[in-house]
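See below for query32.txt, which holds compact mmCIF, C-alpha atoms.
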# COMPACT_ATOMS: atom_id res chain seq x y z
CA MET A 1 2.33 -37.77 40.17
CA LYS A 2 4.50 -34.87 39.06
CA SER A 3 7.49 -37.14 38.39
CA ARG A 4 5.34 -39.54 36.38
CA PHE A 5 3.99 -36.61 34.35
CA ILE A 6 7.52 -35.41 33.57
CA PHE A 7 8.53 -38.92 32.60
CA LEU A 8 5.59 -39.25 30.25
CA THR A 9 6.25 -35.84 28.72
CA VAL A 10 9.80 -36.86 27.83
CA LEU A 11 8.55 -40.23 26.62
CA PHE A 12 5.99 -38.82 24.19
CA LEU A 13 8.34 -36.12 22.90
CA LEU A 14 11.25 -38.42 22.22
CA GLY A 15 9.26 -41.23 20.66
CA PRO A 16 8.51 -44.87 21.31
CA THR A 17 11.93 -45.62 22.78
CA ALA A 18 13.56 -43.62 25.55
CA THR A 19 16.54 -44.33 27.79
CA LEU A 20 16.44 -43.46 31.47
CA ALA A 21 19.23 -44.40 33.89
CA GLN A 22 20.74 -46.69 31.25
CA GLU A 23 17.63 -48.91 31.26
CA PRO A 24 15.74 -49.05 27.96
CA ILE A 25 12.01 -48.44 28.30
CA GLN A 26 9.97 -49.66 25.37
CA ALA A 27 6.72 -47.84 24.63
CA ARG A 28 4.72 -49.13 21.69
CA PRO A 29 1.86 -47.22 20.08
CA VAL A 30 -1.42 -49.13 19.89
CA ASP A 31 -4.57 -48.08 18.05
CA ALA A 32 -7.61 -48.97 20.14
CA ARG A 33 -11.34 -48.43 20.40
CA VAL A 34 -13.10 -47.37 23.61
CA ILE A 35 -15.38 -50.21 24.80
CA THR A 36 -16.67 -48.92 28.13
CA ILE A 37 -16.17 -45.80 30.21
CA THR A 38 -16.38 -46.55 33.91
CA LEU A 39 -15.57 -43.13 35.36
CA VAL A 40 -15.87 -39.53 34.21
CA GLU A 41 -14.83 -36.74 36.58
CA GLN A 42 -14.41 -33.01 36.12
CA ASP A 43 -12.58 -30.67 38.45
CA ARG A 44 -12.04 -27.02 37.49
CA GLY A 45 -12.13 -27.77 33.80
CA LEU A 46 -9.86 -30.83 34.06
CA TRP A 47 -11.32 -34.13 32.93
CA ARG A 48 -10.49 -37.62 34.14
CA TYR A 49 -11.58 -40.74 32.31
CA VAL A 50 -11.22 -44.36 33.30
CA PHE A 51 -12.07 -46.59 30.37
CA GLU A 52 -11.48 -49.96 28.79
CA ALA A 53 -10.18 -50.06 25.24
CA SER A 54 -9.75 -52.89 22.76
CA GLY A 55 -6.43 -52.64 20.95
CA ASP A 56 -5.69 -53.64 17.40
CA ASP A 57 -3.15 -56.09 18.86
CA GLY A 58 -6.03 -58.18 20.23
CA GLN A 59 -5.58 -57.11 23.88
CA SER A 60 -7.81 -55.08 26.18
CA TYR A 61 -6.41 -52.23 28.25
CA MET A 62 -7.69 -50.30 31.24
CA VAL A 63 -6.68 -46.67 31.00
CA ASP A 64 -6.79 -43.96 33.68
CA THR A 65 -6.13 -40.61 32.04
CA THR A 66 -4.84 -39.18 35.32
CA ASP A 67 -1.58 -41.00 34.55
CA SER A 68 -1.49 -39.95 30.92
CA TYR A 69 0.46 -37.14 29.34
CA THR A 70 -2.73 -35.56 28.02
CA SER A 71 -4.87 -36.32 31.12
CA GLY A 72 -7.84 -36.56 28.76
CA ILE A 73 -8.32 -32.79 28.82
CA GLY A 74 -10.99 -31.64 26.40
CA TYR A 75 -11.18 -34.89 24.43
CA ASP A 76 -14.84 -35.56 25.32
CA LEU A 77 -14.29 -39.32 25.12
CA ARG A 78 -17.24 -41.51 24.16
CA VAL A 79 -17.79 -45.22 23.73
CA GLY A 80 -16.73 -46.22 20.23
CA ASP A 81 -14.05 -43.52 19.88
CA SER A 82 -10.76 -44.52 18.29
CA VAL A 83 -7.79 -43.63 20.48
CA ILE A 84 -4.02 -43.92 20.37
CA LEU A 85 -2.41 -45.58 23.39
CA GLN A 86 1.19 -45.80 24.45
CA VAL A 87 1.73 -49.21 26.05
CA ILE A 88 4.68 -49.97 28.31
CA ASP A 89 5.32 -53.66 28.98
CA GLU A 90 6.16 -53.82 32.67
CA GLN A 91 6.93 -56.85 34.82
CA THR A 92 3.44 -56.76 36.28
CA GLY A 93 1.91 -56.58 32.80
CA PRO A 94 1.27 -53.98 30.12
CA HIS A 95 0.39 -50.47 31.29
CA ALA A 96 -1.49 -48.25 28.82
CA TYR A 97 -1.55 -44.46 28.69
CA LEU A 98 -3.78 -42.24 26.56
CA ALA A 99 -1.61 -40.47 23.99
CA ASP A 100 -4.18 -39.01 21.58
CA ILE A 101 -7.44 -39.67 19.76
CA HIS A 102 -8.13 -40.30 16.09
CA ARG A 103 -9.72 -37.16 14.67
CA GLU A 104 -9.27 -37.80 10.95
CA ARG A 105 -13.02 -38.07 10.31
CA GLY A 106 -13.77 -34.76 12.01
CA LEU A 107 -11.00 -33.02 10.12
CA LEU A 108 -12.30 -34.43 6.84
CA VAL A 109 -15.79 -33.08 7.58
CA ALA A 110 -14.32 -29.65 8.44
CA LEU A 111 -12.35 -29.68 5.18
CA LEU A 112 -15.44 -30.58 3.14
CA VAL A 113 -17.46 -27.80 4.80
CA PHE A 114 -14.68 -25.30 4.05
CA MET A 115 -14.49 -26.41 0.41
CA GLY A 116 -18.27 -26.27 0.03
CA ILE A 117 -18.47 -22.72 1.38
CA THR A 118 -15.55 -21.58 -0.80
CA ILE A 119 -17.10 -23.03 -3.97
CA ALA A 120 -20.64 -21.85 -3.17
CA VAL A 121 -19.54 -18.25 -2.62
CA GLY A 122 -16.54 -18.00 -4.94
CA LEU A 123 -17.93 -20.14 -7.79
CA ARG A 124 -15.21 -20.50 -10.45
CA ARG A 125 -12.78 -18.33 -8.52
CA GLY A 126 -13.45 -20.43 -5.45
CA ILE A 127 -12.58 -23.62 -7.32
CA LEU A 128 -9.39 -22.06 -8.67
CA SER A 129 -8.42 -20.86 -5.21
CA LEU A 130 -8.76 -24.42 -3.90
CA VAL A 131 -6.53 -25.62 -6.73
CA GLY A 132 -4.02 -22.96 -5.72
CA LEU A 133 -4.27 -24.09 -2.10
CA ALA A 134 -3.46 -27.63 -3.19
CA VAL A 135 -0.43 -26.32 -5.08
CA THR A 136 0.72 -24.43 -1.97
CA VAL A 137 0.39 -27.50 0.24
CA GLY A 138 2.22 -29.59 -2.36
CA ILE A 139 5.14 -27.15 -2.55
CA LEU A 140 5.42 -27.05 1.23
CA LEU A 141 5.20 -30.82 1.70
CA PHE A 142 7.28 -31.98 -1.24
CA PHE A 143 9.86 -29.22 -1.58
CA LEU A 144 10.27 -26.73 1.25
CA LEU A 145 9.91 -28.97 4.29
CA PRO A 146 12.09 -31.81 2.93
CA ALA A 147 14.69 -29.27 1.80
CA LEU A 148 14.86 -27.80 5.30
CA LEU A 149 14.95 -31.20 7.02
CA GLU A 150 17.60 -32.70 4.76
CA GLY A 151 19.82 -29.62 4.71
CA ARG A 152 20.04 -29.57 0.93
CA TRP A 153 19.14 -25.89 0.76
CA ASP A 154 19.85 -22.82 2.79
CA PRO A 155 16.59 -22.06 4.68
CA LEU A 156 16.40 -18.52 3.31
CA LEU A 157 16.98 -19.53 -0.31
CA ALA A 158 14.51 -22.43 -0.12
CA THR A 159 11.83 -20.25 1.45
CA ILE A 160 12.26 -17.45 -1.10
CA LEU A 161 12.08 -19.90 -4.00
CA ALA A 162 9.00 -21.63 -2.59
CA SER A 163 7.33 -18.27 -1.90
CA VAL A 164 7.93 -17.01 -5.44
CA VAL A 165 6.43 -20.15 -6.96
CA ILE A 166 3.47 -20.13 -4.55
CA LEU A 167 2.72 -16.47 -5.27
CA GLY A 168 3.15 -16.79 -9.03
CA VAL A 169 0.94 -19.86 -9.38
CA ASN A 170 -1.74 -18.86 -6.89
CA MET A 171 -2.16 -15.27 -8.02
CA HIS A 172 -2.57 -16.18 -11.68
CA LEU A 173 -4.81 -19.15 -10.90
CA SER A 174 -7.09 -17.19 -8.60
CA HIS A 175 -7.18 -13.87 -10.44
CA GLY A 176 -6.57 -14.85 -14.05
CA TRP A 177 -3.72 -14.41 -16.52
CA ARG A 178 -4.16 -10.66 -16.90
CA ARG A 179 -1.85 -7.69 -16.99
CA GLN A 180 -3.17 -6.57 -13.60
CA THR A 181 -2.26 -9.92 -12.04
CA THR A 182 1.26 -9.79 -13.46
CA LEU A 183 1.75 -6.27 -12.13
CA ALA A 184 0.47 -7.39 -8.73
CA PHE A 185 2.89 -10.32 -8.81
CA LEU A 186 5.79 -7.95 -9.46
CA GLY A 187 4.65 -5.92 -6.47
CA THR A 188 4.65 -9.02 -4.27
CA LEU A 189 8.20 -9.83 -5.32
CA ALA A 190 9.29 -6.39 -4.13
CA GLY A 191 7.35 -6.94 -0.91
CA LEU A 192 8.99 -10.34 -0.46
CA ALA A 193 12.42 -8.75 -0.79
CA LEU A 194 11.49 -6.20 1.87
CA THR A 195 10.24 -8.97 4.14
CA VAL A 196 13.59 -10.74 3.88
CA VAL A 197 15.50 -7.54 4.63
CA PHE A 198 13.39 -6.57 7.65
CA THR A 199 13.38 -10.12 8.98
CA PHE A 200 17.15 -10.40 9.14
CA PHE A 201 17.59 -6.81 10.27
CA PHE A 202 15.20 -7.23 13.20
CA LEU A 203 16.51 -10.70 14.05
CA ARG A 204 20.01 -9.26 14.28
CA LEU A 205 18.81 -6.35 16.41
CA ALA A 206 16.99 -8.68 18.80
CA ARG A 207 19.81 -11.26 18.76
CA LEU A 208 17.46 -14.21 18.69
CA SER A 209 18.80 -17.76 18.70
CA GLY A 210 15.79 -19.50 17.17
CA LEU A 211 15.77 -21.97 20.07
CA ALA A 212 13.27 -20.29 22.35
CA SER A 213 10.57 -22.96 22.08
CA GLU A 214 10.80 -26.61 23.08
CA GLU A 215 9.78 -27.61 19.56
CA ALA A 216 12.65 -25.66 17.99
CA THR A 217 15.15 -27.11 20.46
CA LEU A 218 13.92 -30.66 19.88
CA LEU A 219 14.08 -30.15 16.11
CA PHE A 220 17.65 -28.85 16.43
CA TRP A 221 18.62 -31.98 18.37
CA GLU A 222 16.89 -34.24 15.87
CA LEU A 223 18.62 -32.55 12.91
CA ASN A 224 22.01 -32.70 14.67
CA GLY A 225 22.61 -29.04 13.91
CA LEU A 226 21.99 -29.59 10.19
CA GLN A 227 20.19 -26.26 9.91
CA VAL A 228 20.89 -23.02 11.76
CA PRO A 229 17.91 -22.46 14.12
CA VAL A 230 17.67 -18.75 13.38
CA GLY A 231 17.37 -19.62 9.69
CA ILE A 232 14.32 -21.79 10.42
CA LEU A 233 12.85 -18.93 12.46
CA ALA A 234 13.44 -16.50 9.57
CA SER A 235 11.76 -18.91 7.16
CA GLY A 236 8.66 -19.01 9.34
CA ILE A 237 8.49 -15.21 9.53
CA ILE A 238 8.80 -14.85 5.76
CA LEU A 239 6.17 -17.50 5.04
CA GLY A 240 3.76 -15.82 7.45
CA ALA A 241 3.95 -12.54 5.50
CA VAL A 242 3.72 -14.04 2.01
CA GLY A 243 -0.01 -14.73 2.15
CA VAL A 244 -0.84 -11.15 3.11
CA LEU A 245 1.38 -9.81 0.32
CA ASP A 246 -0.96 -11.44 -2.20
CA ASP A 247 -3.95 -9.65 -0.68
CA ILE A 248 -2.26 -6.23 -0.63
CA ALA A 249 -0.95 -6.45 -4.20
CA ILE A 250 -4.23 -7.63 -5.72
CA THR A 251 -6.28 -5.05 -3.81
CA GLN A 252 -4.14 -2.10 -4.87
CA THR A 253 -3.95 -3.30 -8.48
CA GLU A 254 -7.70 -3.72 -8.70
CA VAL A 255 -8.27 -0.29 -7.14
CA VAL A 256 -6.09 1.31 -9.82
CA HIS A 257 -7.87 -0.67 -12.54
CA GLU A 258 -11.33 0.39 -11.34
CA LEU A 259 -10.27 4.02 -11.06
CA LEU A 260 -9.09 3.94 -14.66
CA ILE A 261 -12.39 2.44 -15.78
CA ALA A 262 -14.27 5.20 -13.95
CA ASP A 263 -12.06 7.95 -15.37
CA PRO A 264 -9.68 6.97 -18.19
CA SER A 265 -8.39 10.54 -18.44
CA MET A 266 -7.03 10.52 -14.87
CA THR A 267 -3.36 11.48 -14.66
CA CYS A 268 -0.82 9.11 -13.19
CA ARG A 269 -0.24 11.34 -10.17
CA ALA A 270 -3.96 11.59 -9.41
CA LEU A 271 -4.35 7.85 -9.95
CA PHE A 272 -1.57 7.03 -7.49
CA LYS A 273 -2.90 9.53 -4.96
CA LYS A 274 -6.45 8.16 -5.01
CA ALA A 275 -5.29 4.54 -4.90
CA MET A 276 -3.10 5.31 -1.88
CA ARG A 277 -6.12 6.66 -0.01
CA VAL A 278 -7.55 3.17 -0.17
CA GLY A 279 -4.11 1.73 0.51
CA ARG A 280 -3.78 3.63 3.78
CA HIS A 281 -7.01 2.09 5.02
CA HIS A 282 -5.61 -1.27 3.94
CA ILE A 283 -2.43 -0.57 5.93
CA ALA A 284 -4.42 0.14 9.09
CA SER A 285 -6.44 -3.05 8.79
CA THR A 286 -3.37 -5.13 7.86
CA VAL A 287 -1.39 -3.96 10.90
CA ASN A 288 -4.24 -4.84 13.23
CA THR A 289 -4.83 -8.15 11.47
CA LEU A 290 -1.23 -9.30 11.75
CA VAL A 291 -0.94 -8.26 15.39
CA LEU A 292 -4.11 -10.17 16.27
CA VAL A 293 -3.07 -13.23 14.23
CA TYR A 294 0.34 -13.49 15.88
CA ALA A 295 -1.08 -12.67 19.33
CA GLY A 296 -3.69 -15.38 18.90
CA ALA A 297 -1.08 -17.94 17.85
CA ALA A 298 1.13 -17.09 20.83
CA LEU A 299 -1.69 -16.57 23.35
CA PRO A 300 -0.71 -19.48 25.66
CA VAL A 301 2.86 -18.17 25.79
CA PHE A 302 1.73 -14.65 26.66
CA LEU A 303 -0.63 -15.88 29.36
CA LEU A 304 2.03 -18.17 30.81
CA PHE A 305 4.54 -15.39 31.24
CA LEU A 306 2.05 -12.76 32.37
CA GLN A 307 0.78 -14.96 35.19
CA SER A 308 4.37 -15.44 36.40
CA ALA A 309 4.41 -11.84 37.70
CA LEU A 310 7.35 -10.81 35.53
CA SER A 311 8.06 -7.13 35.07
CA PRO A 312 7.02 -5.70 31.67
CA LEU A 313 10.65 -5.41 30.57
CA SER A 314 11.43 -8.97 31.64
CA PHE A 315 8.32 -10.17 29.83
CA ILE A 316 9.31 -8.46 26.58
CA ASN A 317 12.93 -9.56 26.95
CA ASN A 318 12.02 -13.24 27.10
CA GLU A 319 13.02 -14.85 23.81
CA LEU A 320 9.67 -16.56 23.25
CA VAL A 321 7.91 -13.21 23.46
CA ALA A 322 10.65 -11.42 21.53
CA GLU A 323 10.23 -13.91 18.67
CA GLU A 324 6.57 -12.99 18.30
CA LEU A 325 7.37 -9.28 18.48
CA VAL A 326 10.01 -9.59 15.75
CA ARG A 327 7.64 -11.75 13.70
CA THR A 328 4.98 -9.05 13.90
CA LEU A 329 7.26 -6.05 13.38
CA ALA A 330 9.24 -7.49 10.47
CA GLY A 331 6.20 -8.73 8.58
CA THR A 332 4.16 -5.61 9.18
CA SER A 333 6.97 -3.21 8.23
CA ALA A 334 7.41 -4.96 4.90
CA LEU A 335 3.67 -5.09 4.23
CA VAL A 336 3.21 -1.38 4.99
CA LEU A 337 5.91 -0.46 2.47
CA ALA A 338 4.48 -2.96 0.00
CA VAL A 339 1.31 -0.85 -0.34
CA PRO A 340 2.92 2.13 -2.16
CA ILE A 341 5.24 -0.21 -4.09
CA CYS A 342 2.36 -2.35 -5.36
CA THR A 343 0.40 0.80 -6.18
CA TRP A 344 3.36 2.13 -8.16
CA PHE A 345 3.60 -1.11 -10.14
CA ALA A 346 -0.15 -0.98 -10.82
CA THR A 347 0.11 2.56 -12.22
CA PHE A 348 3.26 1.84 -14.23
CA PRO A 349 1.57 1.22 -17.63
CA HIS A 350 -0.44 4.43 -17.20
CA ARG A 351 2.78 6.18 -16.19
CA VAL A 352 4.34 5.16 -19.52
CA ILE A 353 1.29 6.45 -21.40
CA ASP A 354 1.46 9.78 -19.55
CA ARG A 355 5.17 10.08 -20.35
CA ASP A 356 4.64 9.38 -24.06
CA SER A 357 1.81 11.89 -24.23
CA GLY A 358 3.73 14.52 -22.28
CA VAL A 359 1.29 14.50 -19.34
CA ARG A 360 2.69 14.78 -15.82
As structure tokens, what does this structure read like?
Amino acid sequence: MKSRFIFLTVLFLLGPTATLAQEPIQARPVDARVITITLVEQDRGLWRYVFEASGDDGQSYMVDTTDSYTSGIGYDLRVGDSVILQVIDEQTGPHAYLADIHRERGLLVALLVFMGITIAVGLRRGILSLVGLAVTVGILLFFLLPALLEGRWDPLLATILASVVILGVNMHLSHGWRRQTTLAFLGTLAGLALTVVFTFFFLRLARLSGLASEEATLLFWELNGLQVPVGILASGIILGAVGVLDDIAITQTEVVHELLIADPSMTCRALFKKAMRVGRHHIASTVNTLVLVYAGAALPVFLLFLQSALSPLSFINNELVAEELVRTLAGTSALVLAVPICTWFATFPHRVIDRDSGVR
């Protein structure tokens, strides 16, 4: 069973055609619909299904998920579900394995619920934020990802360019074409520069290869070394911090704006000081937020290594864990420094007025 599981793992990772011992093994994907389920078993949270499925190739297949790469875990299969099978044509006949299920309809419902909530609560701003989200997805899908895959751009340069465009478009769409938004955007650019500096500084300190995960290694093989793995890792770290930069810059700019409305006679020094009181609370919440976000994303990795009875130093030294630590430390360091920088940019027009009037 273990050898078959390993074989299937390699098969599904490498695609429909794999070569083992010089003998080509053809696996063809087949879309199918579950007709009957003859067996459902659960043992310590693991599910086993035996079902018959009708494929879009006109054939019927009996599938036992015990043999499948996924083992049917957590799929909650029901009659009528659309599934994806991997079929291997053996001498004794075709053998089908469960590869995945079709979940497009569920994802569409989740997306519609998300959009409805955003519009109902955010009203016009909610609609504009969804437009900005579409722009972000478009930039990622049609510029950044193809640029990284095709090797046309250096990963760092492509990520910086994409981040600048995403921030510029989204911030002005969501918050309006106002002076405050422009000042906040300038603050995010400074924060982005800090993120790049800390990312490469910490990556060099930790001496990470960018090949800690199976996905990164497989991508490196598929790209034939077209991109430096550590560059892809740096791009991911920078992108992860960009979204939070928007939040920090807008918050600090709006705080300064509201303070000026409440007391237009406030000096620049007092304005900066009061805005930073709010900013320090923002720093505390941002640090905790980023740590929890990255810990949540890497939770299976942490649990896997902790249960292996490694010493704390060995656990931290493992590159998979070190990647998440660097991701957290680099992004958070830049975001913490971005708070006073964004606050300074927000008070800059008032600083000019104070200078012209001789007020300090």
Residue contacts of Val83 (chain A) (9 Å, only C-alpha atoms) excluding same-chain residues fewer than 3 positions away, as a list of chain:residue names: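 Close residues of Val83 (chain A): A:Val30, A:Asp31, A:Ala32, A:Arg33, A:Val34, A:Ala53, A:Leu98, A:Ala99, A:Asp100, A:Ile101, A:His102, A:Arg103.
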Saved selection, atoms kept: C-alpha atoms, as a PDB file, in the coordinates of the input:
ATOM      1  CA  VAL A  30      -1.420 -49.130  19.890  1.00  0.00           C
ATOM      2  CA  ASP A  31      -4.570 -48.080  18.050  1.00  0.00           C
ATOM      3  CA  ALA A  32      -7.610 -48.970  20.140  1.00  0.00           C
ATOM      4  CA  ARG A  33     -11.340 -48.430  20.400  1.00  0.00           C
ATOM      5  CA  VAL A  34     -13.100 -47.370  23.610  1.00  0.00           C
ATOM      6  CA  ALA A  53     -10.180 -50.060  25.240  1.00  0.00           C
ATOM      7  CA  LEU A  98      -3.780 -42.240  26.560  1.00  0.00           C
ATOM      8  CA  ALA A  99      -1.610 -40.470  23.990  1.00  0.00           C
ATOM      9  CA  ASP A 100      -4.180 -39.010  21.580  1.00  0.00           C
ATOM     10  CA  ILE A 101      -7.440 -39.670  19.760  1.00  0.00           C
ATOM     11  CA  HIS A 102      -8.130 -40.300  16.090  1.00  0.00           C
ATOM     12  CA  ARG A 103      -9.720 -37.160  14.670  1.00  0.00           C
TER      13      ARG A 103
END
Rounded to one decimal, what separation in Å do you get between CA of Ala249 (chain A) and CA of Leu144 (chain A)?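 So the two atoms, CA of Ala249 (chain A) and CA of Leu144 (chain A), lie 23.8 Å apart.
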Which residue out of A:Ile35, A:Ile84, A:Ala330, A:Cys268 has the minimum interatomic distance to Thr343 (chain A) when only C-alpha atoms are used?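 Among A:Ile35, A:Ile84, A:Ala330, A:Cys268, it is A:Cys268 that comes nearest to Thr343 (chain A).
Proximity ranking of A:Ser174, A:Ser235, A:Thr328, A:Thr181 relative to Leu157 (chain A) places A:Ser235 first, based on all atoms listed in the file.
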List as a list of chain:residue names the protein and nucleic acid residues near Val287 (chain A), meaning an atom at most 8 Å away when all atoms listed in the file are counted, but skip any in the same chain fewer than 4 places from it. A:Ile283, A:Val291, A:Thr332, A:Val336
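With only C-alpha atoms taken into account, the protein and nucleic acid residues at most 10 Å from Asp76 (chain A) (excluding it and anything under 5 positions from it in its own chain) are Val40, Trp47, Tyr49 and Asp81 of chain A.
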Write out, as a PDB file, in the frame of the given file, the residues just selected, with C-alpha atoms.
ATOM      1  CA  VAL A  40     -15.870 -39.530  34.210  1.00  0.00           C
ATOM      2  CA  TRP A  47     -11.320 -34.130  32.930  1.00  0.00           C
ATOM      3  CA  TYR A  49     -11.580 -40.740  32.310  1.00  0.00           C
ATOM      4  CA  ASP A  81     -14.050 -43.520  19.880  1.00  0.00           C
TER       5      ASP A  81
END
In Å, with one decimal, what is the gap from CA of Ala184 (chain A) to CA of Phe201 (chain A)?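 It comes out at 25.6 Å.
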For a quick check of your reading of the model, name the residues lying within 9 Å of the coordinate (2.3, -17.1, -6.1), counting all atoms listed in the file, and write them as an MDAnalysis selection string. chainID A and resid 132 136 162:173 185 188 242:243 246
In Å and to one decimal, CA of Val339 (chain A) is distant from CA of Val321 (chain A) by 27.6 Å
If we count only C-alpha atoms, what is near Pro229 (chain A) at a cut-off of 10 Å, once residues fewer than 6 positions away on the same chain are taken out, given as number ranges by chain? A: 155, 208-212, 216-217, 219-220, 235
Could you tell me which of A:Leu112, A:Ala334, A:Val228, A:Glu214 comes closest to Leu320 (chain A) if we count all atoms listed in the file? A:Glu214
Counting only C-alpha atoms, which residue out of A:Glu323, A:Glu104, A:Asp247, A:Glu90 sits closest to Leu335 (chain A)? A:Asp247
Among A:Ile127, A:Leu140, A:Leu148, A:Ser68, Leu233 (chain A) is approached most closely, using only C-alpha atoms, by A:Leu148
With all atoms listed in the file as the atoms that count, which of A:Leu149, A:Ile37, A:Leu189, A:Ser311 lies nearest to Ala338 (chain A)?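 Closest residue, counting all atoms listed in the file: A:Leu189.
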At most 8 Å from (-11.4, -44.6, 29.6), file frame, only C-alpha atoms: which residues, as a ChimeraX atom specification? /A:34,36-39,49-53,62-65,77
Give me, as a list in words, all polymer residues having an atom no more than 9 Å from His282 (chain A), counting all atoms listed in the file and skipping those fewer than 3 positions away in the same chain.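 So the residues in contact are Ile248, Thr251, Gln252, Arg277, Val278, Gly279, Ser285, Thr286, Val287, Val336 and Val339 of chain A.
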